[in-house]
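Okay, input-v8.txt now, which holds compact mmCIF, C-alpha atoms:
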```txt
# COMPACT_ATOMS: atom_id res chain seq x y z
CA MET A 1 -50.89 16.12 -3.57
CA ARG A 2 -48.86 15.65 -6.71
CA ARG A 3 -46.13 17.83 -5.28
CA VAL A 4 -45.95 15.74 -2.13
CA LEU A 5 -45.83 12.63 -4.27
CA ALA A 6 -42.95 14.06 -6.29
CA TRP A 7 -40.86 14.84 -3.23
CA LEU A 8 -41.65 11.49 -1.75
CA MET A 9 -40.48 9.85 -4.95
CA LEU A 10 -37.25 11.84 -4.89
CA ALA A 11 -36.62 10.95 -1.26
CA LEU A 12 -37.23 7.30 -2.09
CA LEU A 13 -34.79 7.46 -4.97
CA CYS A 14 -32.13 8.99 -2.75
CA THR A 15 -32.48 6.33 -0.04
CA ALA A 16 -32.46 3.65 -2.71
CA ALA A 17 -29.21 5.07 -4.06
CA ALA A 18 -27.68 5.12 -0.57
CA ALA A 19 -28.78 1.55 0.10
CA ALA A 20 -27.40 0.46 -3.25
CA ALA A 21 -24.09 2.09 -2.37
CA ALA A 22 -23.87 0.14 0.89
CA ASP A 23 -24.67 -3.02 -1.05
CA ASP A 24 -21.92 -2.21 -3.53
CA ALA A 25 -19.18 -2.33 -0.93
CA LEU A 26 -20.39 -5.68 0.35
CA GLN A 27 -20.84 -7.07 -3.13
CA ALA A 28 -17.35 -6.00 -4.24
CA GLN A 29 -15.81 -7.47 -1.09
CA ALA A 30 -17.74 -10.74 -1.41
CA ARG A 31 -16.51 -11.28 -4.95
CA LEU A 32 -12.93 -10.46 -4.04
CA ARG A 33 -13.08 -12.72 -1.03
CA GLU A 34 -14.51 -15.61 -3.00
CA LYS A 35 -11.68 -15.44 -5.55
CA VAL A 36 -8.91 -14.98 -3.00
CA ASP A 37 -10.25 -17.88 -0.96
CA GLN A 38 -10.26 -20.05 -4.08
CA ALA A 39 -6.62 -19.10 -4.72
CA LEU A 40 -5.67 -19.92 -1.11
CA GLU A 41 -7.39 -23.30 -1.43
CA ILE A 42 -5.21 -24.14 -4.41
CA LEU A 43 -2.08 -23.02 -2.55
CA LYS A 44 -2.87 -25.40 0.28
CA GLN A 45 -3.23 -28.47 -1.94
CA PRO A 46 -0.18 -30.56 -1.10
CA ASP A 47 -0.09 -32.84 -4.16
CA LEU A 48 -0.13 -30.09 -6.78
CA GLU A 49 3.01 -29.03 -8.63
CA LEU A 50 4.03 -25.40 -7.99
CA ARG A 51 3.94 -24.55 -11.69
CA VAL A 52 0.37 -25.86 -12.02
CA LYS A 53 -0.64 -24.01 -8.86
CA LYS A 54 0.67 -20.75 -10.30
CA GLU A 55 -1.21 -21.21 -13.56
CA LYS A 56 -4.46 -21.97 -11.79
CA ILE A 57 -4.11 -19.04 -9.39
CA VAL A 58 -3.33 -16.55 -12.13
CA ALA A 59 -6.41 -17.78 -14.04
CA ILE A 60 -8.58 -17.14 -10.96
CA VAL A 61 -7.12 -13.81 -9.94
CA GLU A 62 -6.53 -12.20 -13.33
CA PRO A 63 -10.19 -11.25 -14.06
CA LEU A 64 -10.24 -9.25 -10.80
CA PHE A 65 -7.77 -6.69 -12.14
CA ASP A 66 -8.07 -4.00 -14.79
CA PHE A 67 -4.53 -4.33 -16.14
CA PRO A 68 -4.94 -1.93 -19.10
CA LEU A 69 -6.13 0.80 -16.74
CA MET A 70 -3.24 0.13 -14.35
CA ALA A 71 -0.80 0.42 -17.25
CA LYS A 72 -2.24 3.85 -18.08
CA LEU A 73 -2.22 4.95 -14.45
CA VAL A 74 1.42 4.06 -13.81
CA LEU A 75 2.47 6.34 -16.65
CA GLY A 76 -0.11 9.00 -15.86
CA ARG A 77 -1.84 11.29 -18.35
CA LYS A 78 1.38 13.26 -18.76
CA HIS A 79 3.46 10.41 -20.21
CA TRP A 80 0.73 8.11 -21.54
CA SER A 81 -0.61 10.68 -24.02
CA ARG A 82 2.88 11.22 -25.43
CA LEU A 83 3.18 7.57 -26.48
CA ASP A 84 1.79 6.55 -29.88
CA ALA A 85 -0.68 3.66 -30.13
CA HIS A 86 2.05 1.13 -30.90
CA GLU A 87 4.15 2.23 -27.92
CA GLN A 88 1.12 2.19 -25.66
CA ALA A 89 0.37 -1.41 -26.61
CA ARG A 90 4.00 -2.43 -26.10
CA PHE A 91 4.19 -0.70 -22.74
CA GLU A 92 0.96 -2.33 -21.58
CA ALA A 93 2.23 -5.79 -22.52
CA LEU A 94 5.57 -5.27 -20.75
CA PHE A 95 4.04 -3.76 -17.65
CA VAL A 96 1.38 -6.44 -17.28
CA GLU A 97 4.07 -9.11 -17.62
CA ARG A 98 5.95 -7.33 -14.86
CA LEU A 99 2.93 -7.15 -12.54
CA LYS A 100 2.02 -10.78 -13.04
CA GLY A 101 5.63 -11.78 -12.57
CA SER A 102 5.91 -10.15 -9.17
CA TYR A 103 2.52 -11.54 -8.16
CA VAL A 104 3.58 -15.06 -9.10
CA ASP A 105 6.87 -14.59 -7.21
CA LYS A 106 4.83 -13.89 -4.08
CA ILE A 107 3.34 -17.37 -4.40
CA ASP A 108 6.79 -18.87 -3.80
CA THR A 109 7.06 -17.23 -0.42
CA TYR A 110 3.64 -18.33 0.80
CA SER A 111 3.76 -20.21 4.08
CA ASP A 112 0.43 -20.85 5.80
CA GLU A 113 -0.63 -17.21 6.03
CA THR A 114 -4.30 -16.69 6.69
CA ILE A 115 -6.26 -13.70 5.43
CA ASP A 116 -8.42 -11.61 7.69
CA TRP A 117 -10.98 -9.42 5.89
CA ARG A 118 -11.82 -6.03 7.38
CA GLN A 119 -14.78 -3.71 6.86
CA ALA A 120 -14.98 -2.50 3.23
CA VAL A 121 -15.25 1.25 2.74
CA GLN A 122 -17.37 2.93 0.07
CA GLU A 123 -15.43 5.84 -1.48
CA GLY A 124 -17.97 7.60 -3.67
CA PRO A 125 -20.53 5.87 -5.88
CA ASP A 126 -18.02 4.01 -8.04
CA ARG A 127 -15.18 3.24 -5.65
CA VAL A 128 -14.71 0.69 -2.94
CA GLN A 129 -11.68 0.01 -0.78
CA VAL A 130 -11.36 -3.43 0.79
CA PRO A 131 -8.82 -3.75 3.61
CA ALA A 132 -7.43 -7.13 4.63
CA ALA A 133 -4.54 -8.48 6.66
CA LEU A 134 -2.23 -11.37 5.86
CA ILE A 135 -1.48 -13.04 9.15
CA HIS A 136 1.48 -15.31 9.80
CA GLN A 137 2.28 -16.28 13.38
CA ASP A 138 2.35 -12.93 15.22
CA LYS A 139 3.12 -10.85 12.14
CA GLU A 140 0.52 -9.15 9.99
CA VAL A 141 0.81 -7.44 6.65
CA VAL A 142 -1.91 -4.93 5.90
CA ILE A 143 -3.30 -4.97 2.37
CA LEU A 144 -5.74 -2.55 0.78
CA TYR A 145 -7.53 -3.46 -2.44
CA LYS A 146 -8.83 -0.43 -4.35
CA LEU A 147 -11.67 -1.18 -6.74
CA TYR A 148 -13.79 0.83 -9.14
CA ARG A 149 -17.06 0.00 -10.87
CA ARG A 150 -16.73 -1.04 -14.49
CA SER A 151 -19.71 -1.95 -16.70
CA ASP A 152 -18.91 -5.64 -16.19
CA GLY A 153 -18.32 -5.50 -12.44
CA TRP A 154 -15.82 -4.33 -9.81
CA LYS A 155 -12.18 -4.23 -10.88
CA ILE A 156 -9.00 -3.67 -8.91
CA TYR A 157 -6.98 -0.66 -10.10
CA ASP A 158 -4.44 -0.50 -7.26
CA VAL A 159 -3.22 -2.50 -4.27
CA GLU A 160 -1.52 -1.06 -1.21
CA VAL A 161 0.77 -3.25 0.85
CA GLN A 162 1.62 -1.82 4.27
CA GLY A 163 0.42 1.56 3.03
CA ILE A 164 2.62 1.49 -0.07
CA SER A 165 0.65 1.77 -3.29
CA ILE A 166 1.86 -0.34 -6.21
CA VAL A 167 0.60 2.13 -8.80
CA SER A 168 2.05 5.12 -6.99
CA THR A 169 5.46 3.49 -6.63
CA PHE A 170 5.64 2.52 -10.30
CA ARG A 171 4.44 5.99 -11.29
CA SER A 172 7.39 7.65 -9.60
CA GLN A 173 9.86 5.21 -11.12
CA PHE A 174 8.54 5.56 -14.67
CA ASP A 175 8.32 9.32 -14.22
CA GLN A 176 11.97 9.37 -13.21
CA ILE A 177 13.01 7.26 -16.23
CA LEU A 178 10.97 9.30 -18.72
CA ASN A 179 12.06 12.65 -17.30
CA THR A 180 15.73 11.84 -17.76
CA GLY A 181 15.49 9.37 -20.67
CA THR A 182 13.39 8.28 -23.62
CA VAL A 183 10.62 5.77 -24.22
CA ALA A 184 13.28 3.39 -25.54
CA ASP A 185 15.04 3.61 -22.16
CA LEU A 186 11.77 2.79 -20.44
CA PHE A 187 11.27 -0.32 -22.58
CA ARG A 188 14.86 -1.38 -22.05
CA GLU A 189 14.58 -1.10 -18.27
CA LEU A 190 11.32 -3.05 -18.25
CA GLU A 191 12.69 -5.79 -20.47
CA LYS A 192 15.83 -6.02 -18.35
CA THR A 193 13.89 -6.50 -15.12
CA ASN A 194 11.31 -8.79 -16.71
CA GLY A 195 14.06 -11.04 -17.94
CA ALA A 196 15.73 -11.23 -14.54
CA MET B 1 -48.89 24.02 -32.52
CA ARG B 2 -47.23 20.87 -31.34
CA PHE B 3 -44.92 22.91 -29.16
CA PHE B 4 -47.85 24.43 -27.32
CA ALA B 5 -49.40 21.03 -26.85
CA THR B 6 -46.18 19.80 -25.29
CA TRP B 7 -45.90 22.90 -23.14
CA ARG B 8 -49.41 22.35 -21.85
CA SER B 9 -48.72 18.77 -21.02
CA TRP B 10 -45.52 19.82 -19.18
CA ARG B 11 -47.51 22.29 -17.17
CA ARG B 12 -50.08 19.65 -16.47
CA TRP B 13 -47.35 17.36 -15.18
CA GLY B 14 -46.28 20.07 -12.78
CA ARG B 15 -42.92 19.44 -11.18
CA TRP B 16 -42.33 16.01 -12.62
CA PRO B 17 -39.87 17.13 -15.29
CA LEU B 18 -37.88 18.95 -12.63
CA VAL B 19 -37.71 15.84 -10.49
CA LEU B 20 -36.61 13.75 -13.43
CA LEU B 21 -34.01 16.33 -14.34
CA ILE B 22 -32.59 16.22 -10.81
CA CYS B 23 -32.46 12.45 -10.92
CA PHE B 24 -30.70 12.69 -14.25
CA TRP B 25 -28.15 15.13 -12.81
CA ILE B 26 -27.48 12.80 -9.91
CA ALA B 27 -27.01 9.85 -12.25
CA LEU B 28 -24.91 11.74 -14.78
CA PRO B 29 -21.54 11.99 -13.00
CA ALA B 30 -21.78 8.33 -12.00
CA ALA B 31 -22.42 7.29 -15.58
CA ALA B 32 -19.60 9.48 -16.88
CA GLN B 33 -17.21 7.99 -14.30
CA GLY B 34 -18.21 4.49 -15.34
CA ALA B 35 -17.19 5.32 -18.91
CA ASP B 36 -13.54 6.28 -18.38
CA PRO B 37 -12.11 6.39 -14.88
CA PHE B 38 -8.62 7.22 -16.13
CA ASP B 39 -8.90 11.00 -15.74
CA ASP B 40 -10.39 10.77 -12.26
CA LEU B 41 -7.94 8.23 -10.95
CA ASP B 42 -5.02 9.91 -12.68
CA GLY B 43 -5.84 13.13 -10.87
CA GLU B 44 -6.11 11.26 -7.61
CA PHE B 45 -2.70 9.63 -7.93
CA GLU B 46 -1.19 12.93 -9.02
CA ALA B 47 -2.59 14.60 -5.90
CA GLN B 48 -1.29 11.84 -3.64
CA ARG B 49 2.12 11.73 -5.25
CA PRO B 50 4.74 11.08 -2.58
CA VAL B 51 6.89 14.18 -2.75
CA ILE B 52 10.13 14.74 -0.94
CA ALA B 53 12.93 17.15 -1.73
CA ASP B 54 16.13 15.39 -2.66
CA PRO B 55 18.91 17.97 -2.84
CA LEU B 56 21.42 15.47 -1.41
CA ARG B 57 20.77 13.05 -4.25
CA PRO B 58 24.44 12.37 -5.14
CA TRP B 59 25.25 11.51 -1.51
CA ASN B 60 22.00 9.57 -1.13
CA ARG B 61 22.61 7.51 -4.26
CA ALA B 62 26.11 6.70 -3.09
CA MET B 63 24.81 5.63 0.33
CA PHE B 64 22.07 3.60 -1.32
CA GLU B 65 24.76 1.71 -3.26
CA PHE B 66 26.85 1.38 -0.13
CA ASN B 67 23.97 -0.09 1.87
CA ASP B 68 23.10 -2.40 -1.00
CA ARG B 69 26.65 -3.84 -0.97
CA LEU B 70 26.78 -3.88 2.80
CA TYR B 71 23.66 -6.04 2.73
CA PHE B 72 24.71 -8.49 0.02
CA TRP B 73 28.39 -8.75 0.94
CA PHE B 74 28.25 -8.66 4.70
CA LEU B 75 24.93 -8.49 6.54
CA LYS B 76 23.10 -11.15 4.53
CA PRO B 77 25.87 -13.84 4.60
CA VAL B 78 26.34 -13.31 8.34
CA ALA B 79 22.58 -13.43 8.95
CA GLU B 80 22.29 -16.61 6.88
CA VAL B 81 24.92 -18.41 8.97
CA TYR B 82 23.27 -17.10 12.14
CA ARG B 83 19.86 -18.30 10.88
CA ASP B 84 21.23 -21.79 10.20
CA VAL B 85 22.77 -22.01 13.68
CA VAL B 86 20.02 -20.42 15.77
CA PRO B 87 16.48 -21.87 15.41
CA GLU B 88 13.58 -19.51 14.80
CA PRO B 89 11.96 -19.47 18.28
CA PRO B 90 15.04 -18.01 20.04
CA ARG B 91 15.46 -15.51 17.22
CA ILE B 92 11.87 -14.38 17.70
CA GLY B 93 12.61 -14.18 21.42
CA ILE B 94 15.58 -11.91 20.77
CA ARG B 95 13.46 -9.76 18.48
CA ASN B 96 10.85 -9.48 21.24
CA PHE B 97 13.55 -8.53 23.74
CA PHE B 98 14.81 -5.59 21.66
CA ASN B 99 11.25 -4.68 20.77
CA ASN B 100 10.31 -4.51 24.44
CA LEU B 101 13.23 -2.18 25.14
CA GLY B 102 11.78 0.20 22.56
CA ALA B 103 8.81 0.78 24.89
CA PRO B 104 10.18 3.98 26.53
CA LEU B 105 10.60 5.60 23.13
CA ARG B 106 7.15 4.54 21.94
CA PHE B 107 5.62 5.69 25.24
CA VAL B 108 7.13 9.18 24.89
CA ALA B 109 6.15 9.34 21.19
CA CYS B 110 2.54 8.51 22.13
CA LEU B 111 2.48 11.20 24.81
CA LEU B 112 3.92 13.81 22.44
CA GLN B 113 0.93 13.17 20.14
CA GLY B 114 -1.55 13.30 23.00
CA LYS B 115 -2.37 9.62 22.54
CA SER B 116 -2.78 8.84 26.21
CA ASP B 117 -4.65 5.54 25.74
CA GLU B 118 -1.92 4.27 23.45
CA ALA B 119 0.75 5.43 25.89
CA GLY B 120 -1.02 3.47 28.60
CA ALA B 121 -1.14 0.41 26.35
CA GLU B 122 2.62 0.68 25.71
CA LEU B 123 3.28 0.94 29.43
CA GLY B 124 1.00 -2.03 30.12
CA ALA B 125 2.59 -4.18 27.40
CA PHE B 126 6.06 -3.29 28.72
CA MET B 127 5.15 -4.35 32.27
CA VAL B 128 3.49 -7.58 31.17
CA ASN B 129 6.28 -8.56 28.78
CA THR B 130 9.08 -7.66 31.18
CA THR B 131 7.61 -9.72 34.04
CA VAL B 132 5.43 -12.52 32.66
CA GLY B 133 7.39 -12.50 29.39
CA PHE B 134 10.78 -13.00 31.15
CA LEU B 135 12.55 -9.69 30.46
CA GLY B 136 10.67 -9.29 27.19
CA PHE B 137 11.86 -12.48 25.46
CA GLY B 138 8.27 -13.65 25.50
CA ASN B 139 5.47 -11.51 24.12
CA PRO B 140 2.38 -12.42 26.16
CA ALA B 141 0.97 -8.91 25.60
CA ALA B 142 0.49 -9.81 21.92
CA GLY B 143 -2.51 -11.93 22.90
CA GLU B 144 -4.18 -8.94 24.53
CA SER B 145 -5.67 -6.73 21.81
CA ARG B 146 -6.00 -3.72 24.14
CA LEU B 147 -2.23 -3.68 24.61
CA ASN B 148 -1.52 -3.85 20.87
CA VAL B 149 -1.19 -0.38 19.41
CA PRO B 150 0.61 0.85 16.27
CA LYS B 151 4.28 1.55 16.91
CA GLU B 152 4.96 5.25 17.34
CA ASP B 153 8.30 7.04 17.10
CA LEU B 154 9.51 10.63 17.39
CA GLY B 155 9.57 11.26 13.62
CA GLN B 156 5.87 10.36 13.49
CA ALA B 157 5.14 12.66 16.42
CA PHE B 158 6.87 15.56 14.57
CA GLY B 159 4.80 14.63 11.51
CA VAL B 160 1.59 14.78 13.53
CA TRP B 161 2.62 18.25 14.70
CA GLY B 162 2.59 19.25 11.03
CA MET B 163 6.32 19.16 10.39
CA GLY B 164 7.34 18.09 6.87
CA HIS B 165 10.22 15.78 5.99
CA GLY B 166 12.60 18.60 5.08
CA CYS B 167 14.56 16.48 2.66
CA TYR B 168 15.43 12.87 1.97
CA ILE B 169 18.58 11.45 3.57
CA VAL B 170 20.03 7.97 3.19
CA TRP B 171 22.32 7.10 6.07
CA PRO B 172 24.98 4.44 5.83
CA VAL B 173 23.85 1.29 7.70
CA LEU B 174 20.59 2.91 8.93
CA GLY B 175 19.13 3.35 5.45
CA PRO B 176 16.39 5.71 4.19
CA SER B 177 15.40 8.63 6.40
CA SER B 178 14.63 12.32 6.21
CA LEU B 179 15.79 15.44 8.01
CA ARG B 180 12.76 15.28 10.32
CA ASP B 181 13.04 11.56 10.95
CA SER B 182 16.79 11.84 11.54
CA VAL B 183 16.16 14.27 14.37
CA GLY B 184 13.62 11.73 15.63
CA LEU B 185 16.20 8.94 15.40
CA LEU B 186 18.70 11.00 17.37
CA GLY B 187 16.12 11.64 20.09
CA GLY B 188 15.18 7.98 20.02
CA HIS B 189 18.83 7.08 20.57
CA PHE B 190 18.72 8.80 23.97
CA LEU B 191 15.54 6.95 24.89
CA ASP B 192 17.19 3.60 24.09
CA PRO B 193 18.20 1.92 27.38
CA PHE B 194 21.37 0.50 25.79
CA THR B 195 22.69 4.02 25.17
CA HIS B 196 23.01 4.49 28.93
CA VAL B 197 24.80 1.21 29.60
CA ASP B 198 28.44 1.41 30.64
CA PRO B 199 30.80 0.36 28.97
CA SER B 200 29.55 1.60 25.61
CA GLU B 201 30.85 -1.54 23.85
CA VAL B 202 27.79 -3.34 25.23
CA SER B 203 25.57 -1.01 23.26
CA LEU B 204 27.61 -1.63 20.11
CA VAL B 205 27.42 -5.40 20.44
CA ALA B 206 23.69 -5.16 21.16
CA SER B 207 23.10 -3.09 18.02
CA GLY B 208 25.08 -5.59 15.97
CA LEU B 209 23.12 -8.53 17.35
CA GLU B 210 19.85 -6.73 16.77
CA ALA B 211 20.76 -5.98 13.16
CA VAL B 212 21.82 -9.56 12.39
CA ASN B 213 18.83 -11.00 14.23
CA THR B 214 16.35 -8.74 12.44
CA THR B 215 17.96 -9.45 9.08
CA SER B 216 17.78 -13.21 9.71
CA LEU B 217 14.00 -12.91 10.06
CA HIS B 218 13.62 -10.83 6.89
CA ILE B 219 15.94 -12.41 4.34
CA GLY B 220 14.33 -12.04 0.95
CA ASP B 221 12.33 -8.86 1.68
CA TYR B 222 14.91 -6.46 0.29
CA GLU B 223 15.64 -8.78 -2.63
CA ALA B 224 11.92 -8.82 -3.52
CA LEU B 225 11.70 -5.02 -3.39
CA LYS B 226 14.79 -4.66 -5.52
CA LYS B 227 13.67 -7.24 -8.04
CA GLU B 228 10.30 -5.58 -8.48
CA ALA B 229 11.78 -2.16 -8.93
CA VAL B 230 12.51 -0.66 -12.30
CA ALA B 231 14.36 2.26 -10.72
CA PRO B 232 15.34 0.91 -7.26
CA TYR B 233 16.55 4.19 -5.75
CA GLU B 234 13.30 6.00 -6.56
CA ALA B 235 11.25 2.97 -5.57
CA MET B 236 12.88 2.88 -2.14
CA ARG B 237 12.56 6.64 -1.63
CA ASP B 238 8.88 6.74 -2.55
CA ALA B 239 8.08 3.63 -0.55
CA TYR B 240 9.70 5.32 2.45
CA VAL B 241 7.65 8.51 2.03
CA GLN B 242 4.37 6.59 1.56
CA PHE B 243 5.07 4.28 4.47
CA ARG B 244 5.86 7.16 6.84
CA GLN B 245 2.85 9.10 5.60
CA ARG B 246 0.56 6.20 6.54
CA GLN B 247 2.18 5.90 9.95
CA VAL B 248 1.66 9.61 10.63
CA GLU B 249 -1.98 9.52 9.44
CA ARG B 250 -3.17 6.64 11.55
```
Here is a file; write its structure as structure tokens.
Amino acid sequence: MRRVLAWLMLALLCTAAAAAAADDALQAQARLREKVDQALEILKQPDLELRVKKEKIVAIVEPLFDFPLMAKLVLGRKHWSRLDAHEQARFEALFVERLKGSYVDKIDTYSDETIDWRQAVQEGPDRVQVPAALIHQDKEVVILYKLYRRSDGWKIYDVEVQGISIVSTFRSQFDQILNTGTVADLFRELEKTNGA
Amino acid sequence: MRFFATWRSWRRWGRWPLVLLICFWIALPAAAQGADPFDDLDGEFEAQRPVIADPLRPWNRAMFEFNDRLYFWFLKPVAEVYRDVVPEPPRIGIRNFFNNLGAPLRFVACLLQGKSDEAGAELGAFMVNTTVGFLGFGNPAAGESRLNVPKEDLGQAFGVWGMGHGCYIVWPVLGPSSLRDSVGLLGGHFLDPFTHVDPSEVSLVASGLEAVNTTSLHIGDYEALKKEAVAPYEAMRDAYVQFRQRQVER
């Protein structure tokens, strides 16, 4: 009897875990969707100055991302561990400025696109991928948000646009710079492009 | 003495500790992952790294520079004037026209991958757009989801057959490509109806118009990519490899 009970319990736990996983994908997508919709609402307000719009949107979207993790990922274990704590902090600051800069630039080019959310995909217990499409007239741009579970909720660690991963693309570029140059070169390149 | 007492109680509880242990094992990797995902994700990105051999790098870099200047000094100014003269609807019409003429190539590329449904969709879209869409200037097939399939080309078909890129090649005017995709482009050239038009000047003018027309609809895209890049040559090369990889996979 007890043995049966034990197995039953185990089976129950397993199904509960599976159900929780399915919930995770939906929950992560719902949160993302809510924030992105809020940002789109602000974009559509006609009487708001562009500068104010940008500030508001960044404030909404920023908590969705894990910028420190992204900064580590774009250098990869290989290069990140070779930087001292001071350099790591400096790189993170420069890289995050860069990411936010290009995100804010995208706001300039917005013109009545609508977003179409697709079915979220659970990739293991702590990963969710949320596909979406930006639709403008008869053109669509496919976007994939990649999220992982952090203690305080789901965070984005990478975004793919038309199948091109932001993290992956930066990784190759930084790898190239650090393989042929020094950390100082890396900082110089980042500062140069951030200033532009 | 205490040990024995515990042992007895364990025995009394039968398999419970085992069950708990299993639950713990199941929960453990998840908890560990929640702590620091860097190692996991780092390994993942390392495994997915877009790799392409680049033995022609000096040539490629030179052609990358050449194309960059060609764009900023020639193609973009021309496309800007063209954009200011020709309103957007006719430009979209011209894009649709050239797009429709790409149907034979896409049809063959579908067949080479055994995608018969997609080949049928290409054929259907071509017939609808050529007739109802007035020689392809309109795109009525776009409203019919069954006729909308991802665009295939010969390079993708070779990729599906398991062929690798060979190496990276940047062509003047045409831009980023690879050995495999160049062979695909050459094959595609013969499947382009304009190639078989006599006199050949018609084909040349058509290509020029297509390039200017396409550019006029995408001004700002290249600038954005370049501005975001820290190392533009590598950024372009890796974006190309990732983009083609996705096209082959789907």
* Select all residues from chain A having any atom no more than 8 Å from an atom of chain B (counting all atoms listed in the file, ignoring ligands), output as a VMD selection string. => chain A and resid 2 to 3 6 to 7 10 69 72 to 73 76 to 77 98 102 125 to 126 138 149 to 151 162 to 165 168 to 170 172 to 174 176 to 177 189 to 190 193 196
* Asked: From the list A:His79, A:Arg31, A:Lys53, A:Lys44, which residue is nearest A:Leu178 when using only C-alpha atoms?
  ->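 The shortest atom-to-atom distance to A:Leu178 comes from A:His79.
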* Structure fact -> Correct to one decimal, the distance atom CA of B:Asp84-atom CA of B:Val212 is 12.4 Å
* To do: Counting only C-alpha atoms, figure out which residue out of B:Pro172, B:Val86, B:Asp198, B:Met127 gets nearest to B:Phe64.
  => B:Pro172
* To do: Find, counting only C-alpha atoms, the residue in A:Phe91, A:Asp105, A:Leu144, A:Trp154 that gets nearest to A:Arg188.
  =>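 Distance minimum relative to A:Arg188 lands on A:Phe91.
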* **Residue among A:His86, A:Arg33, A:Arg127, A:Lys78 lying closest to A:Ile60, counting only C-alpha atoms** =>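 That would be A:Arg33, the residue with the smallest distance to A:Ile60.
If all atoms listed in the file are the atoms counted, then among B:Phe158, B:Trp73, B:Phe194, B:Phe137 the closest residue to B:Leu111 is B:Phe158.
Atom CA of A:Val36 sits 26.7 Å away from atom CA of B:Pro150.
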* **Of the listed residues A:Tyr157, A:Val141, A:Leu134, A:Met70, that which approaches A:Val96 most closely, counting all atoms listed in the file** =>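 For A:Val96, the nearest of the candidates is A:Met70.
Note that atom CA of A:Trp117 and atom CA of B:Glu44 are 25.2 Å apart.
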* May I have the residues within 10 Å of A:Gln122 as a count of residues only, using all atoms listed in the file and disregarding those fewer than 3 positions away in the same chain? => 15
All heavy atoms for stretch 119-123 of chain B, written as a PDB file, keeping the file's coordinate frame, could you do that?
```
ATOM      1  N   ALA B 119      -0.384   5.377  24.976  1.00  0.00           N
ATOM      2  CA  ALA B 119       0.750   5.430  25.890  1.00  0.00           C
ATOM      3  C   ALA B 119       0.534   4.442  27.036  1.00  0.00           C
ATOM      4  O   ALA B 119       1.447   3.706  27.427  1.00  0.00           O
ATOM      5  CB  ALA B 119       0.934   6.848  26.436  1.00  0.00           C
ATOM      6  N   GLY B 120      -0.682   4.415  27.535  1.00  0.00           N
ATOM      7  CA  GLY B 120      -1.020   3.470  28.600  1.00  0.00           C
ATOM      8  C   GLY B 120      -0.857   2.028  28.147  1.00  0.00           C
ATOM      9  O   GLY B 120      -0.343   1.184  28.894  1.00  0.00           O
ATOM     10  N   ALA B 121      -1.261   1.762  26.907  1.00  0.00           N
ATOM     11  CA  ALA B 121      -1.140   0.410  26.350  1.00  0.00           C
ATOM     12  C   ALA B 121       0.334   0.011  26.249  1.00  0.00           C
ATOM     13  O   ALA B 121       0.712  -1.121  26.572  1.00  0.00           O
ATOM     14  CB  ALA B 121      -1.807   0.330  24.987  1.00  0.00           C
ATOM     15  N   GLU B 122       1.180   0.949  25.811  1.00  0.00           N
ATOM     16  CA  GLU B 122       2.620   0.680  25.710  1.00  0.00           C
ATOM     17  C   GLU B 122       3.202   0.345  27.084  1.00  0.00           C
ATOM     18  O   GLU B 122       3.990  -0.589  27.228  1.00  0.00           O
ATOM     19  CB  GLU B 122       3.371   1.889  25.116  1.00  0.00           C
ATOM     20  CG  GLU B 122       3.209   2.061  23.609  1.00  0.00           C
ATOM     21  CD  GLU B 122       3.886   0.949  22.802  1.00  0.00           C
ATOM     22  OE1 GLU B 122       4.608   0.106  23.384  1.00  0.00           O
ATOM     23  OE2 GLU B 122       3.679   0.906  21.579  1.00  0.00           O
ATOM     24  N   LEU B 123       2.795   1.155  28.058  1.00  0.00           N
ATOM     25  CA  LEU B 123       3.280   0.940  29.430  1.00  0.00           C
ATOM     26  C   LEU B 123       2.827  -0.426  29.938  1.00  0.00           C
ATOM     27  O   LEU B 123       3.620  -1.191  30.500  1.00  0.00           O
ATOM     28  CB  LEU B 123       2.736   2.051  30.323  1.00  0.00           C
ATOM     29  CG  LEU B 123       3.367   2.192  31.709  1.00  0.00           C
ATOM     30  CD1 LEU B 123       4.836   2.560  31.564  1.00  0.00           C
ATOM     31  CD2 LEU B 123       2.628   3.251  32.523  1.00  0.00           C
TER      32      LEU B 123
END
```
